[in-house]
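Working notes for the structure below.
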Amino acid sequence: MTAVELRSVSKSFGHHLVCRDVNLSVREGEFVTLLGSSGCGKTTTLNMIAGLEDASAGDILMNGQRVNDLSPVQRDVAMVFQNYALYPHMTVAQNIGFTLKMRKLAPTEIRTRVERVAQSLELSALLERLPAQLSGGQQQRVAIGRALVREPRVFLFDEPFSNLDAGLRVRMRVEVKELHQRLGVTSIFVTHDQEEAMSISDRIAVMNAGVVEQFGTPEEIYNQPATRYVASFIGSPRIELYAGTLEPGACRIGGVALPIGAMAAGDPEVEVGVRPEHVRLGDRGFPATVRLVQPVGPATHVTLDWEGGSLTASLPGFIRLTPGTAVKAEIDPDHLLVFDRKTGKRRAPQRPS
Amino acid sequence: MSFTRRQQGGPVVRTFIGIGLAVFVLWSAAPVVWLILSSLLEQQALISQPPDVSPAGFTLDNFIQVLYAAAALGRGIMNSAIVALFSTAVALALGAPAAYALARLPVPRANGVAFLILATQMLPGIAIAIPLFIAISRLGLIDSVFSLGVVYLSFNLPIVVWILRGFFQGIPVGIERAAAVDGAGVIATFWHIVLPISIPPMAAAAVFAFVEAWNEFFFALILTRQQAQTVPLVIAQFAGQYQTVFGQMMAAAVISVAPVIALAIVFRNQIVRGFADGMTKG
């Protein structure tokens, strides 16, 4: 069952096109993230789903019904905003209960539901406080509580953790994911943090300059990026890209030829992407020099200089290497990502027929 | 919305700022101090050159005399209170929604409309005095507290709209969007969210409007005779044809500025915050 669907949705402010022909289909109970750098149109897309912005063109559907002309309330969505957007003059309880008050529920009913939500978010002790008396994390939980108390059909999150410090951000991420697993409410989440998107989502829509470049599971997005942009946006440390030439049975980067399987036909001048975990150091391969060694715990990121330029290898555990050491590096040819140099689209390996 | 205390500049700069502020305070406070002082002096002590401020010259006679003539002053204070409260309250009740609409709702040419509202204040009073007098006398409303209140309302409304519009524009949009998602329409958002967080600028605008109406002299002089006379007119009458009883005049003035000063002291935090917000975000 499709909970939320965008069909060829576009949005422009004046002459400035912010979203172009966005197509998305979110299944009931799914957790979908809109991921992209700032200004890519992800928040505008979310606002259009919420009903806070009108779409300039295209249809927005919820449960199969066109909702373009419905208000946020009629769409039955709840939203958590980037700066929490708590009402500064209301207590925590009033903040959470405001939406129920607007629905004209009885005060006792409001009280009961607010208390239930507060309990599940560990806010019970703070109900009479004002937002200014809360920490960032507590404010964030109130914002989530305000969305939760509605029991809405769809949850929308607009960069909800971007104002929190790193530790809290990771903890809130866990809380939101657990919440989603518990309640199973369809959720659409906006972030510019690729790691956050990977860890929390069922599917990710990577947006760039108002266009959805790829919509897929974290695994698809990571292993089969549709475009050069997606490949370079996802993954830490970032993928390295080199100008390369396709030859029969090989891909040449500078003087190094890497054996690869047949590629779909096209321009032999390509761009080749190498992820750090697909680089090995050993006795074989091409010569390289160690430039920088960064241990991060589970892995060590070793930055190398080689003929093609710079290359980062992510190696398990702690690796002791001194900058300046000459080594030999190998790239796993099975995981090479080949992109068309002009269009930036990934060239798929030819399927054995 | 709070001020951060920060030391700016070196000691020399700070000394100059201090001197500047001291001069400004002296400049602002001197008339009030002189007013209170002269209300407490006997006529002889007051008009001697230089004024005799030795303890012998002090007296409460002026206040006692003024209170004997209390009927006129009492009615003046009552009239002033009515026109000032009326024009302030109605200006806020009409001005706040108008300012919100001009700040946030899709009003076509909102900036042009806002400018037009301000433009009404650019006419010199003398230019509208005669037409206004003719209009009000034809309506038979000369010497009526009501017509004076309406005239003051027309002065206060644009100012209230401008102060509040500046503040409303500075409210983060996210809060109103959250209210929209929570199910509040425009009116509910305005009533439950925008108004409660706008108390400081509303207080500032209210004090400003109240003082304007309380102190206004020119239009009150033209549009009233006896019944609707306001405080400034009553005070002016102490300047008689043959002699001016300065002491009593000053005593009456002290009594009349007392409520305004009390108002300013009670609401001083709101006033400062309100004007600061209106200015920086307007």
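Convention: chains lettered A, B, ... in structure tokens order; per-chain residue numbering from 1; ligands numbered from 1 as shown.
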- Using only C-alpha atoms, determine which residues lie at most 10 Å from Leu46 in chain B, disregarding the query and same-chain residues fewer than 5 positions distant; provide the list as an NGL selection string. :B and (37-41 or 51-53 or 57-58 or 246-247)
- Task: Using backbone DSSP assignments, extract all alpha helix (DSSP H) residues from range 51-273 of chain B; output them as a VMD selection string.
- Result: chain B and resid 61 to 68 70 to 104 110 to 119 125 to 138 145 to 170 173 to 181 186 to 188 195 to 197 199 to 215 218 to 223 231 to 236 246 to 266 268 to 273
- Item | Coordinates-based distance that separates CA of Gly297 in chain A from CA of Pro316 in chain A (Å, one decimal) |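 Taking CA of Pro316 in chain A as the start and CA of Gly297 in chain A as the end point, the length is 8.7 Å.
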- Close residues, Arg153 in chain A itself excluded, 7 Å, only C-alpha atoms, min 4 positions apart in chain, as a list in words: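 Result of the neighbour search: Asp76, Val77, Val185 and Thr186 of chain A.
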- Item | Which of B:Gly10, B:Gly74, B:Pro124, B:Gly185 sits closest to chain A [using only C-alpha atoms] |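 Checking each of B:Gly10, B:Gly74, B:Pro124, B:Gly185 against chain A, counting only C-alpha atoms, the winner is B:Gly185.
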- Might you pull out every residue within 10 Å of range 336-340 of chain A, with only C-alpha atoms counted and same-chain residues fewer than 4 positions away left off, and present them as a ChimeraX atom specification? /A:223-228,231,239,241-246,251,258-260,263,266-275,278,331-332,344-349
Dump as a tab-separated table the rows for residues of chain B within 12 Å of chain A: closest atom pair and distance in Å with one decimal, only C-alpha atoms counted, ordered by chain and rising residue number.
```
residue	atom	partner	partner_atom	distance
B:Met1	CA	A:Pro88	CA	11.8
B:Ile171	CA	A:Ala85	CA	10.6
B:Pro172	CA	A:Ala85	CA	8.0
B:Val173	CA	A:Ala85	CA	8.6
B:Gly174	CA	A:Ala85	CA	5.4
B:Ile175	CA	A:Ala85	CA	4.7
B:Glu176	CA	A:Ala85	CA	8.2
B:Arg177	CA	A:Leu52	CA	7.0
B:Ala178	CA	A:Ala85	CA	6.4
B:Ala179	CA	A:Thr99	CA	7.8
B:Ala180	CA	A:Pro72	CA	6.7
B:Val181	CA	A:Pro72	CA	5.2
B:Asp182	CA	A:Thr99	CA	4.5
B:Gly183	CA	A:Val73	CA	5.1
B:Ala184	CA	A:Met102	CA	6.1
B:Gly185	CA	A:Met102	CA	9.1
B:Val186	CA	A:Ser71	CA	11.8
B:Ile187	CA	A:Met102	CA	11.6
B:Ala188	CA	A:Met102	CA	8.2
B:Thr189	CA	A:Met102	CA	10.0
B:Trp191	CA	A:Met102	CA	11.9
B:His192	CA	A:Phe98	CA	9.3
B:Ile193	CA	A:Tyr87	CA	6.9
B:Val194	CA	A:Tyr87	CA	9.4
B:Leu195	CA	A:His89	CA	10.2
B:Pro196	CA	A:His89	CA	6.9
B:Ile197	CA	A:His89	CA	6.4
B:Ser198	CA	A:His89	CA	10.1
B:Ile199	CA	A:His89	CA	10.5
```
- Message: Which of range 179-296 of chain A end up as strand (DSSP E) when DSSP is run on this backbone - answer as an NGL selection string?
- Response: :A and (186-191 or 203-208 or 211-216 or 240-247 or 250-253 or 256-259 or 269-274 or 279-282 or 286-295)
- Query: What gap, in Å, lies between CA of Leu123 in chain B and CA of Phe86 in chain B?
  - Reply: 23.2 Å
- Interatomic distance (Å, one decimal) between CA of Leu321 in chain A and CA of Val290 in chain A: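 It comes out at 7.6 Å.
Comparing A:Thr217, A:Ser201, A:Thr289, A:Ser310 by their smallest distance to Phe31 in chain A, the closest is A:Ser201 (using only C-alpha atoms).
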- If you count only C-alpha atoms, which residues fall within 12 Å of Glu115 in chain A, apart from same-chain ones fewer than 3 positions away, as a PyMOL selection string? chain A and resi 92-94+96-97+108-112+118-128+142+145-146+148-149
